[in-house]
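Colleague: Just passing along the structure, written as structure tokens.
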Amino acid sequence: MRFLPLPPARPLDMPFLVLDWSLFIAQLFLGLAMACAAYRLIFGPRAQDRILGLDTFYVNAMLLLLTYGIRIASATYFEVALIIALLGFVGTAALSKFLMRGEVIE
Amino acid sequence: MEIIIAVAIGVLTGSGLWLLLRPRTFQVIIGLALISYATNLFIFGMGRLRSNAPPILEPGGSSDLATLADPLPQALVLTAIVISFAMTALFLVVLLASRGLTGTDHVDGRETDL
Amino acid sequence: MWDEARLFLLICLPFLGSVVVASLPRDARDAACLLTGLVALTCTLVIASFYSTMSEGTVVSTTIEWLPTIGLNFILRLDGFAWIMAGLVGLIGFLVVVYARYYMSPEDPVPRFFSFFLSFFGAMLGVVLSGNLIQMVFFWELTSLFSFLLIGYWSHNPGAREGARMALTVTGIGGLCLLAGVLILGHIVGSYDLDKVLAAGDKIRSDSLYRPALVLILLGALTKSAQFPFHFWLPHAMAAPTPVSAYLHSATMVKVGVFLMARLWPVLAGTEPWFWIVGGAGVCTLLLGAYIAIFQQDLKGLLAYSTISHLGLITLMLGLGSPLGVVAAVFHLLNHAIFKASLFMAAGIIDHETGSRDLRRLSGLIRYMPITATLAMVAGAAMAGVPLLNGFLSKEMFFAETIVEHVDSVFDEALPFLAVVASMFSVAYSLRFILGVFFGPPPVGLPRKPHEPPHWMRFPMEFLVLLCLLIGIFPTFTIGPILHIGVSAILGDRLPYYSLAIWHGFNYPLLMSIIAMIGGILVYLLLRGYLAQGEEGPPLLRGLKGQRIFERIMVTVSWKWARQLEALFGTRRLQPQLRLLVFMALAAATLTLYFDGFGPLWLSFAGLDLHGFDTAFALMWLVGICCAVGAASEAKYHRLAALAMLGGAGLATCITFVWLSAPDLALTQLLVEIVTTVLLLLGLRWMPKRIKEVDALTPVPLNVRARRAWDLVVAIAAGTGIAMLSYAVMTQPMPDSISSFFLERAYSEGGGTNVVNVILVDFRGFDTLGEITVLAIVALTVFALLRRFRPAPESMAMPEQQQLQIAYDDAHPDRNVGQTVAEYMAIPRLIMLWLFPVIAVVAVYLLMRGHDLPGGGFAAGVAMSISFILQYMASDTRWVEDRLRILPVRWMGIGLLAATCTGLGAWLFDYPFLTSHFQYLELPVLGKIPMASALLFDLGVYSLVVGATVLMLIAIAHQSIRTPKLPRKKLAASTTGGQ
Amino acid sequence: MRRILPHPLMSLAIFVMWLLLNQSVSPAALTFAAVLALGGGWMMTTLEQTGPRIRRPWTIIKLAGIIFIDIVHSNIAVAKIILRPSSRRGAPGFMAVPLDIRNPYGLATLAIVITSTPGTIWTNFSYSSGMLLIHVLDLQEEQLWIDTIKNRYERRLMEIFE
Amino acid sequence: MTVLADHLIILPIVLPLLAGAFLLLLDDRRRPVKAALTILVAIALLVIAVTLLFRASGSTALAETVSYRLGDWPAPFGIVLVLDRLSAVMLVLTSILALAALVFSLARWHRAGPHFHTLFLFLLVGLNGAFLTGDLFNLFVFFEVLLAASYGLVLHGMGVVRVKAGLHYIVVNLAASTLFLIGVSLIYGVTGTLNMADLATRIPGLNDTDRMFMEAGAAILGVAFLVKAGMWPLSFWLPTAYAAASAPVAAIFSIMTKVGVYIILRLSLLLFGPGAGESAHFGSEVLLYGGMATIAFGLVGVLATQTMSRLAGYSVLVSSGTLLAAIGVGNAAATSGALFYLVNSTLAVAAFFLLTELVERGRDPGADVLAVTMEAFGYTDEDDITEEVEVGERIPTILAFLGGSFVACALLLAGLPPLSGFLAKFALMSAIMDPAGFGTGGPQFVVTWVLIALLILSGLSAMLAMTRIGIQTFWSPLEIAVPGVRGVEVVAVSFLLLLCVALTMAAGPVLDFMEDTAMSLHAPAAYIDSVLPNGGASRGATP
Amino acid sequence: MIDIDLALKDLPAWAAYLTAAMVFIGALLSLIGAIGLVRLKSFYERVHAPTLGATLGTGFILVASMICFTVLRGRLSVHEILIAVFLTITTPVAMMLLVRAALYRDRVENNREVPGAGKYKKAEAAVRSQAGESETADRT
Ligand code: NA
Ligand code: NA
């Protein structure tokens, strides 16, 4: 993990520091949110809970990517987040339909 | 960061291998998928880890391995992802055919082991 | 030159003849015989034409380079010894052909017989004329092969099959031992050239490898010559047509073994191991064969054991290690061939004309076939060693040799007495043969009325018996020079004084002959009563059937043990194989690291650096890891859960790729993840129900638990191992990589800023071409498999949910059948339909920008295929296919062609395959548009990926509409297609 | 016009989407967006889908505002319930809402709205009976919910789509 | 025309790829057209391969290595194809087998499932690519191409047996492919290159740490190759899968294990030759002992087998073991013997697989078991031997052809005279015994003799098993059903067997050629020079 | 503390504070939603919780992103709207499908908490008898 080298003496820049802390905490929150989602994903108890967990996991992952994009001031995350937003539901929908109909494509 | 990825690779491999050695075809296919994640991460790691340095050139930007992530392992992983996807599909269909013809989802086509 | 040509003729003619004869029609009996006879006669004459050369003691040889680099040249080498052997092979071969003409039934496929015969004939000549030991082994094995075919000629007869197989097995094994021995010999000498080997006797005998070489070579020789304890195959080979027996067991096949021992006598003999092995085997065979021969009821069986015995005699002579022994051996070799061939022919005539070979049924035949009887009697007498016949002379020589001391031992002391006993037996069985068959009361109940055979059938016998007499009476004029040529070729300057006179005065050998003669008659008289009882097999040894023992050993070793070993060291089950594979990989890596000292691996952990440790990232992977472990634990009973958790782990991987600067990977991983989930779900429908409560009722056996524990240990070990390995490498400094080239050239020469994509479509486009080919292949395979997919019976029915919902709709008068699903899908369906072009546009977006930014043909293709699949999910298969004609195979073909042809386009400009080209196109309003051939390539990739993915998914989906669904007809008014 | 632009709404959406995706309004992007927009409409035609007819753009904007406010309110309400379960006044439960709207696009929009609002979720709608089944996290008074849905959303949606 | 000559080296890959892709555009009902086109391509490939062989074996032994830079990128950055004697031989062998198998399949197999021709052509793409490529990851890709096609082909025709065997085959090879990826990436991670020749120039200069990881990568890679090569104990899937495959598929599969052997041979000599510094001769002992274990297991399996097709499968193992052991011996003479053996055994096994199908077509399924039980209980009915009965029944020409071919295969597989099997085995044994290879004293001495004993025993086991089955099949009156055999099938089998005969006749020149090949493999400098004309240009990225 | 890109230093203070606040609120809402996923008792309650993250949570973070990049790059960055639109359209689809499926399952399993529990009993009996019929038909 090698970031751009930091300048030796870093002037105390309040907005920057706040942003830094805020992003740190936001990512921590999102990480915890993913953990919560994973709790349902792993422990269920029922299939619908797991699927719900997975869906939440996807959304939170997307948010994590968005915050990460801000953090690195780059838009390389964008396509992935876009695809999660557009197609992330496909898995959930398929799993749900499987529960309802026993078959994804009839 | 390396330690996180290393542990991830290790756990994915371990879980995948455990499943690979199970008798049910579905366990095997999930195992293969987990192993393929691990493998992809492993290949990726062989180009070393680097944040915020995607190998996408910018006008006037650097085009140096010292500042950009190694693109080659990424290309290799991309190929590996495609191939492992194809193989998952193939294996799925073979296991379905096997289950259909033998009546069991045991990897040996008969109930020999739990 | 002329000599060489004649040598070639000798080798080539039989094989050519064999091919020609084989191509004759099956009923061309006379033509086949004539041709074979001509070949045999020509060869015999050619051999005879070497007489003068041979008598000068010259060695004629010629070499054709075959495999000179490994010392295998085709060398034909004719010296005196080879010459007399070749003469024997040729002459008796010719006579047997004449005999066989009358013997073989017109209903047999005679050309096949003669074809095999000629091949065998050629192989025999090959052995005899070989000037290279490997070449000799080559022909040696050929004799085994063709004798196998000859013995098994009447293959519908189980005895013939078994006899042939046994002969091949025993002599074949021997041949392979011989090969090993010869290899050692060649290794010692540095050449397989017979001349060089013969010249290196001292070197060989003093080499540490002498003993193994000797044992192996002797194994070859003794098995071939049916020496104890390998004698048992020969009597079973009597199932062959009699001409075959007459040829194989008098002059050729079995003589090859003793030929070899004589051939290598100068280099191998004269040592104690030689004496004990060869002498021991010889004397045992001599006695045992003779003893058993007395008690045979089958005429050919008697002759077979007699053959064994006489070969034992020859072997014994060679084993004694004295030059005179060699002379006696060669002399007896010739004599035995002559009288034994005629005796076999006699047996064949009797069999042919009476329909029986059983000594218990045959009797008094002299009345019906006096000439044959006379001939047989003379030959029999020669076999018994009666004076004035050839057998007598060599037997005298044998006796003389036994009384000379060789190695100071009890064995040597006992040798004269053993020789006399064996001779007595020989006299006894000869008497039994003659008296039993030709004298006594007329036979009763024979299948045919006996009479003399046709004259020409008898002719070979007459000729041979004449030889017996001529040699017996005028040895010095007839056989003398020939024998001299033969033995001097073996012994060279070690040739001893010997005399071929009939009368040497009263001496020990004569005394021994007389005792043997009288003793033999007494033995016969004593045993006559016993033999008349007609019991099969000799007393004492009756229970001991070599064949049975052999079969039991063969079956045990080559079948039972082999199966047990196969089961022990192999498996047909998958899990053990995978365990082994994992274990081997783990061991390979661990051992390599271990031998290299492990050091750096520890070092990299010593400096464990948590700088840049990212809590959120770690948290995310904690979740990912839990998902992986969860998937592992739930995959058996909660497949859907495992699938969802697999998705979780996949998502973690995907985010990692974004986090660590690989947006392309993340994109692809994510899309593939989605498709894989749908794919596995499609498959899940056909999997059996697995219910924990039902499955896990029985207590888990201890061995299963142990295996699980072991698997767990292996999995954890492998996981830990690869984690450590990857950590260690990732913390190493990056080596000087070829990647810098790609970064430097991607834009300037590849025309793209997304280096990963430029690598994929340009620098390493060839990989991508292969990769999409894999995808195409897999899609085709999936399609092919599913075309003939047959679901398990319990999966055949419609899923339970659908049955229930249909039944529910059916049971309520206010509801239409299918209403539940229609209501369920109505709104999602509408949204999914609207997403169709949206996703397609995103796919185009990914495709277009791939070269410069994350995206590319593959990601675009998968996205596009998801848009198709979504339609299938939203509506049903029939509805979609009524409206959308997707021809996935077409997409695939076009994609692959496009990608390949883009690569081929470079040829037009004389560049190598896949050389890319790009330039900016100036368009009026639109401005500069980058046009890269790489985009065309990527378009091919895209097309293929769409086709392949859609083909796979749809092929699986189609199974649902293929299987008969009972209530499907009720769904005629189904409203999935709209409200 | 219908033949070239069978689904003007879809085409418009695609046109905008392409520009947004590329973050560009260059001539090349516009041209390509137009091509894709036509293609997108054509793709919808293959699926034999009749597009919605939309009226009263002002109502749309008003509705959007209402929805936004509702979502914000609901977010706060649900967050409260999660953080302090004791603050909940009602009990979770299913309830049926009789609907008059039948336009599929209207229904779809309603479904998205209801589901996107925290605290309510669209479960099932029966065309034959016109009954909508929803699940409500904090169900106090069913009629209040029915009124909200019918008056705030359904009425406006019917104006827009029917 | 000159253009084509320059690009000839890529045609073995591109031609079947194009043809296979084109066939996808044709409807499955136009199978005759597809078949004709495929056969034409196979013939063209044979012609091309032979041309390439001649080019590779030019007058000077070492100077004729040709490299082809894909995309015009210089090695080691782009992918290169490298044609040398060894790869040319493998190409020729592949196209021979392909032609025979395809012709054979015309009788009926090509109708047994959809897209047979495309899959077959793609298999050729994979095989030819694997033989030609000079890049480690590209090798992986071609391995996957050939494996994927082989998965499809092994399942071609379906049925329980095929699917069960195919499942095992696929899982094992998927696991092996994973190892392949791990190995390749590990090697890249410490050496920074994927080009084989470049790797060879970099290995001697590696520091201890990197060397350690590189060797670990090579070891993992080796396990993957050994799975494909069929080394015991990684080979249990092989006999089952090969026996289950349809005849033409099994015939072309006989070169699949050879791909593993080929790459082990190539890489062990290129990367771990004497010039590799501390890594010299890495893994050669594993190959030697593993090869020996494989021979032992193969010969046991040959004896224990109940069916001809399984016997053929185990013969594949024996030949793999022999080759691996010969590579492990590590001298040029052994290598040249091994190459001769490789050609011979591949052709023989392929012919045998084709023949098996023809023979088993006319048999009842239990007959093989009977072959052994009859042997176990023996016969005592010698009284039956009477003249009246002993009249040979009419053996139809077909049976004569099958019998003759069977004998030829038996001789080839057992290494008995007069066919090339004997010469191959002898060449190998004489090379192994050569003091230059093994030395004379110490444990090596024992190893030499154990290896020779194994080679001889393997021949013996083949002889015993083939006799057992042959007698039961061709001589037993129980087996009177004469199978219907098509002309194309006869042509295919005869073609392969006649090539073996030709190999026997021309053994001298062939062995000379193999010796030159072995010499050039043992002195890889020419190979490296051909790929990297500037001598490892990768040091500085700017050429 | 984490490493963030130094380019963010160029952000004016207002934008930095705004971004920080929005990111924080968005993440907090998502976390609350996720906590609800864990804490709430039944599935039908839980299913509401993640909507927080999918609506306002996402909204805040997207706006933060828009502000940040628009200010940083000096040109309008609005493509984040697409994410919002897509998410708004697709998430409900998944939820609707999931809740209805869960409802069906609970009804079949006769779970008293849901309306219409046990209404599939008759259908189940019908399916069973049909299966029995077809089995007997197979046997004869
Ligand atoms: Na008698
Ligand atoms: Na909601």
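Lettering and numbering for the structure tokens are positional, with chains as A, B, ... in the shown order, residues counted from 1 in each chain, and ligands counted from 1 in the shown order.
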What's the 7 Å shell around range 92-102 of chain A, counting only C-alpha atoms, without same-chain residues fewer than 5 positions away, as a VMD selection string?

Modeller: (chain A and resid 51 55) or (chain C and resid 678 685 799 801 to 802) or (chain F and resid 94 97 to 98 101 104)

Colleague: Show me which residues sit within 6 Å of ligand 2 when counting only C-alpha atoms and all ligand atoms, and put them as a PyMOL selection string.

Modeller: (chain D and resi 114-121) or (chain F and resi 48+51)

Colleague: How would the residues just picked look written out with N, CA, C and O atoms as a short mmCIF file (atom, residue, chain, number, x, y, z; two decimals), in the first residue's frame?

Modeller:
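Final output, saved to part.cif:
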data_model
loop_
_atom_site.label_atom_id
_atom_site.label_comp_id
_atom_site.auth_asym_id
_atom_site.auth_seq_id
_atom_site.Cartn_x
_atom_site.Cartn_y
_atom_site.Cartn_z
N ILE D 114 -43.55 3.65 -3.16
CA ILE D 114 -43.88 3.03 -1.86
C ILE D 114 -42.70 2.25 -1.32
O ILE D 114 -42.37 2.32 -0.13
N THR D 115 -42.08 1.53 -2.19
CA THR D 115 -40.97 0.71 -1.72
C THR D 115 -39.77 1.57 -1.34
O THR D 115 -39.04 1.25 -0.41
N SER D 116 -39.56 2.65 -2.10
CA SER D 116 -38.42 3.49 -1.80
C SER D 116 -38.60 4.30 -0.52
O SER D 116 -37.65 4.82 0.03
N THR D 117 -39.82 4.44 -0.11
CA THR D 117 -40.05 5.17 1.13
C THR D 117 -39.80 4.23 2.30
O THR D 117 -40.45 3.20 2.40
N PRO D 118 -38.87 4.59 3.16
CA PRO D 118 -38.62 3.68 4.28
C PRO D 118 -39.88 3.51 5.11
O PRO D 118 -40.64 4.47 5.30
N GLY D 119 -40.10 2.31 5.55
CA GLY D 119 -41.25 2.07 6.41
C GLY D 119 -42.43 1.44 5.69
O GLY D 119 -43.31 0.89 6.31
N THR D 120 -42.46 1.53 4.36
CA THR D 120 -43.52 0.84 3.64
C THR D 120 -42.89 0.01 2.53
O THR D 120 -41.84 0.38 2.00
N ILE D 121 -43.56 -1.05 2.23
CA ILE D 121 -43.04 -1.85 1.11
C ILE D 121 -44.18 -2.49 0.35
O ILE D 121 -45.15 -2.97 0.92
N HIS F 48 -37.36 -3.15 5.89
CA HIS F 48 -37.45 -1.71 5.73
C HIS F 48 -36.13 -1.01 6.00
O HIS F 48 -35.88 0.08 5.45
N THR F 51 -33.45 0.43 3.43
CA THR F 51 -33.92 1.50 2.55
C THR F 51 -33.28 2.83 2.93
O THR F 51 -33.10 3.70 2.08
#

Colleague: Identify, on the basis of only C-alpha atoms, every residue whose closest approach to Pro453 in chain C does not exceed 9 Å; exclude the query and any residue fewer than 3 positions from it along the same chain; express the result as a list in words.

Modeller: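 That gives Tyr102, Ile349, Ile350, His352, Glu353, Met369, Thr372, Pro450, Trp456, Met457 and Arg458 of chain C.
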
Colleague: Near range 61-69 of chain A, within 7 Å and counting only C-alpha atoms, which residues show up once chain neighbours fewer than 4 positions away are dropped, as a list in words?

Modeller: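 That gives Leu23, Gln27, Leu30, Phe57, Ala73, Ser74, Ala75, Tyr77, Ala81 and Ile84 of chain A; Thr58 of chain F.
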
Colleague: With a cut-off of 8 Å and counting only C-alpha atoms, select all residues of chain B in contact with chain E and give the selection as a list in words.

Modeller: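 Therefore, the residues near the partner are Leu32, Ile35, Ser36, Thr39, Phe42, Ile43, Met46, Gly47, Arg48, Pro73, Leu76, Ile83, Met87, Phe91, Val94, Leu95, Ala97, Ser98, Leu101, Thr102, Val107, Asp108 and Gly109 of chain B.
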
Colleague: What is the CA of Ala797 in chain C to CA of Gln130 in chain F distance in Å?

Modeller: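 Value for the CA of Ala797 in chain C-CA of Gln130 in chain F distance: 11.8 Å.
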
Colleague: Please determine the contact residues of chain C with respect to chain D at a cut-off of 10 Å, counting only C-alpha atoms, and supply them as a short mmCIF file (atom, residue, chain, number, x, y, z; two decimals) with N, CA, C and O atoms, in the first residue's frame.

Modeller:
data_model
loop_
_atom_site.label_atom_id
_atom_site.label_comp_id
_atom_site.auth_asym_id
_atom_site.auth_seq_id
_atom_site.Cartn_x
_atom_site.Cartn_y
_atom_site.Cartn_z
N ASP C 814 -62.19 -17.13 -8.29
CA ASP C 814 -61.96 -15.75 -8.71
C ASP C 814 -60.57 -15.55 -9.30
O ASP C 814 -60.19 -14.45 -9.64
N ARG C 815 -59.79 -16.60 -9.38
CA ARG C 815 -58.43 -16.44 -9.89
C ARG C 815 -58.23 -17.27 -11.16
O ARG C 815 -58.78 -18.36 -11.29
N ASN C 816 -57.41 -16.75 -12.06
CA ASN C 816 -57.02 -17.54 -13.23
C ASN C 816 -55.74 -18.31 -12.90
O ASN C 816 -54.95 -17.86 -12.07
N GLN C 819 -52.19 -16.66 -12.24
CA GLN C 819 -52.36 -15.29 -11.79
C GLN C 819 -51.32 -14.92 -10.74
O GLN C 819 -50.83 -13.78 -10.71
N THR C 820 -50.98 -15.86 -9.90
CA THR C 820 -50.01 -15.57 -8.85
C THR C 820 -48.71 -15.06 -9.44
O THR C 820 -48.19 -14.01 -9.04
N ALA C 822 -48.22 -13.95 -12.42
CA ALA C 822 -48.44 -12.71 -13.18
C ALA C 822 -48.42 -11.51 -12.25
O ALA C 822 -47.79 -10.50 -12.54
N GLU C 823 -49.10 -11.65 -11.11
CA GLU C 823 -49.11 -10.55 -10.15
C GLU C 823 -47.72 -10.32 -9.58
O GLU C 823 -47.29 -9.18 -9.37
N TYR C 824 -47.05 -11.45 -9.30
CA TYR C 824 -45.71 -11.37 -8.71
C TYR C 824 -44.76 -10.60 -9.61
O TYR C 824 -44.03 -9.71 -9.19
N MET C 825 -44.82 -10.91 -10.89
CA MET C 825 -43.83 -10.35 -11.80
C MET C 825 -44.26 -9.03 -12.43
O MET C 825 -43.44 -8.34 -13.03
N ALA C 826 -45.56 -8.71 -12.36
CA ALA C 826 -46.07 -7.62 -13.21
C ALA C 826 -45.20 -6.37 -13.18
O ALA C 826 -44.70 -5.93 -14.23
N ILE C 827 -44.98 -5.83 -11.99
CA ILE C 827 -44.25 -4.56 -11.96
C ILE C 827 -42.75 -4.74 -12.17
O ILE C 827 -42.15 -4.03 -12.98
N PRO C 828 -42.14 -5.71 -11.50
CA PRO C 828 -40.71 -5.93 -11.81
C PRO C 828 -40.47 -6.15 -13.29
O PRO C 828 -39.49 -5.67 -13.85
N ARG C 829 -41.43 -6.84 -13.91
CA ARG C 829 -41.25 -7.16 -15.31
C ARG C 829 -41.20 -5.88 -16.16
O ARG C 829 -40.34 -5.74 -17.03
N LEU C 830 -42.09 -5.01 -15.88
CA LEU C 830 -42.13 -3.77 -16.64
C LEU C 830 -40.80 -3.01 -16.51
O LEU C 830 -40.24 -2.52 -17.49
N ILE C 831 -40.33 -2.95 -15.28
CA ILE C 831 -39.08 -2.23 -15.05
C ILE C 831 -37.92 -2.94 -15.75
O ILE C 831 -37.06 -2.31 -16.36
N LEU C 833 -38.06 -4.76 -18.38
CA LEU C 833 -38.15 -4.52 -19.82
C LEU C 833 -37.52 -3.18 -20.18
O LEU C 833 -36.78 -3.05 -21.15
N TRP C 834 -37.84 -2.19 -19.36
CA TRP C 834 -37.29 -0.86 -19.63
C TRP C 834 -35.79 -0.80 -19.43
O TRP C 834 -35.11 0.05 -20.00
N LEU C 835 -35.31 -1.69 -18.62
CA LEU C 835 -33.86 -1.69 -18.41
C LEU C 835 -33.11 -2.27 -19.60
O LEU C 835 -31.90 -2.10 -19.72
N PHE C 836 -33.83 -2.98 -20.45
CA PHE C 836 -33.17 -3.67 -21.57
C PHE C 836 -32.30 -2.72 -22.40
O PHE C 836 -31.08 -2.91 -22.50
N PRO C 837 -32.89 -1.65 -22.98
CA PRO C 837 -32.01 -0.75 -23.75
C PRO C 837 -31.03 0.00 -22.86
O PRO C 837 -29.92 0.33 -23.31
N VAL C 838 -31.42 0.26 -21.62
CA VAL C 838 -30.52 1.01 -20.74
C VAL C 838 -29.22 0.23 -20.52
O VAL C 838 -28.11 0.76 -20.67
N ILE C 839 -29.39 -1.02 -20.18
CA ILE C 839 -28.19 -1.83 -19.95
C ILE C 839 -27.38 -1.95 -21.23
O ILE C 839 -26.15 -1.90 -21.22
N ALA C 840 -28.12 -2.10 -22.36
CA ALA C 840 -27.41 -2.20 -23.63
C ALA C 840 -26.56 -0.96 -23.88
O ALA C 840 -25.40 -1.06 -24.34
N VAL C 841 -27.10 0.19 -23.56
CA VAL C 841 -26.33 1.42 -23.77
C VAL C 841 -25.12 1.46 -22.83
O VAL C 841 -24.02 1.85 -23.24
N VAL C 842 -25.32 1.02 -21.60
CA VAL C 842 -24.17 0.97 -20.70
C VAL C 842 -23.11 0.03 -21.27
O VAL C 842 -21.90 0.30 -21.19
N VAL C 844 -22.56 -0.59 -24.42
CA VAL C 844 -21.87 0.12 -25.50
C VAL C 844 -20.85 1.10 -24.91
O VAL C 844 -19.71 1.20 -25.39
N TYR C 845 -21.29 1.75 -23.84
CA TYR C 845 -20.40 2.71 -23.17
C TYR C 845 -19.10 2.01 -22.70
O TYR C 845 -17.99 2.48 -22.95
N LEU C 846 -19.28 0.86 -22.07
CA LEU C 846 -18.11 0.12 -21.59
C LEU C 846 -17.22 -0.30 -22.75
O LEU C 846 -15.99 -0.25 -22.66
N ARG C 849 -15.26 2.86 -24.45
CA ARG C 849 -14.24 3.59 -23.73
C ARG C 849 -13.11 2.68 -23.26
O ARG C 849 -12.12 3.15 -22.71
N GLN C 871 -34.34 -10.19 -19.43
CA GLN C 871 -35.61 -10.35 -20.15
C GLN C 871 -36.17 -11.74 -19.94
O GLN C 871 -37.37 -11.92 -19.77
N TRP C 879 -42.04 -16.39 -24.34
CA TRP C 879 -42.43 -15.01 -24.65
C TRP C 879 -41.25 -14.25 -25.24
O TRP C 879 -41.35 -13.58 -26.26
N VAL C 880 -40.10 -14.37 -24.59
CA VAL C 880 -38.93 -13.63 -25.05
C VAL C 880 -38.53 -14.10 -26.44
O VAL C 880 -38.26 -13.30 -27.34
N GLU C 881 -38.55 -15.42 -26.62
CA GLU C 881 -38.03 -15.93 -27.89
C GLU C 881 -39.00 -15.72 -29.04
O GLU C 881 -38.60 -15.78 -30.20
N ASP C 882 -40.25 -15.45 -28.70
CA ASP C 882 -41.16 -15.07 -29.76
C ASP C 882 -40.81 -13.69 -30.31
O ASP C 882 -41.16 -13.35 -31.43
N ARG C 883 -40.14 -12.90 -29.49
CA ARG C 883 -39.88 -11.51 -29.89
C ARG C 883 -38.41 -11.24 -30.21
O ARG C 883 -38.11 -10.47 -31.12
N LEU C 884 -37.55 -11.86 -29.44
CA LEU C 884 -36.12 -11.61 -29.64
C LEU C 884 -35.49 -12.84 -30.27
O LEU C 884 -35.47 -13.90 -29.65
N ARG C 885 -35.03 -12.72 -31.49
CA ARG C 885 -34.31 -13.87 -32.07
C ARG C 885 -32.83 -13.68 -31.81
O ARG C 885 -32.12 -13.05 -32.59
N LEU C 923 -13.24 13.95 -38.94
CA LEU C 923 -14.57 14.02 -39.52
C LEU C 923 -15.08 15.44 -39.42
O LEU C 923 -14.74 16.15 -38.47
N VAL C 925 -18.01 17.46 -38.67
CA VAL C 925 -18.59 18.09 -37.48
C VAL C 925 -18.01 17.47 -36.21
O VAL C 925 -17.80 18.14 -35.20
N LEU C 926 -17.76 16.18 -36.29
CA LEU C 926 -17.49 15.43 -35.07
C LEU C 926 -16.08 15.62 -34.55
O LEU C 926 -15.80 15.37 -33.38
N GLY C 927 -15.19 16.01 -35.42
CA GLY C 927 -13.82 16.22 -34.96
C GLY C 927 -13.00 14.94 -35.04
O GLY C 927 -13.28 14.06 -35.84
N LYS C 928 -12.01 14.88 -34.21
CA LYS C 928 -11.08 13.75 -34.27
C LYS C 928 -11.70 12.52 -33.60
O LYS C 928 -12.13 12.57 -32.44
N ILE C 929 -11.76 11.45 -34.37
CA ILE C 929 -12.29 10.20 -33.81
C ILE C 929 -11.16 9.18 -33.85
O ILE C 929 -10.58 8.94 -34.91
N GLY C 978 -48.38 -10.47 -20.20
CA GLY C 978 -48.97 -9.15 -20.09
C GLY C 978 -50.10 -9.24 -19.10
O GLY C 978 -50.41 -10.31 -18.60
N GLN C 979 -50.76 -8.18 -18.83
CA GLN C 979 -51.82 -8.29 -17.84
C GLN C 979 -53.19 -8.34 -18.50
O GLN C 979 -53.36 -8.14 -19.66
#

Colleague: Just want the residues within 12 Å of ligand 1, written as number ranges by chain, counting only C-alpha atoms and all ligand atoms.

Modeller: C: 296-299, 356-365, 431-444, 446, 528-529, 531-534

Colleague: With only C-alpha atoms considered, list every residue of chain B at most 8 Å from chain A, as JSON, numbers by chain.

Modeller: {"B": [1, 2, 49, 50, 51, 52, 54]}
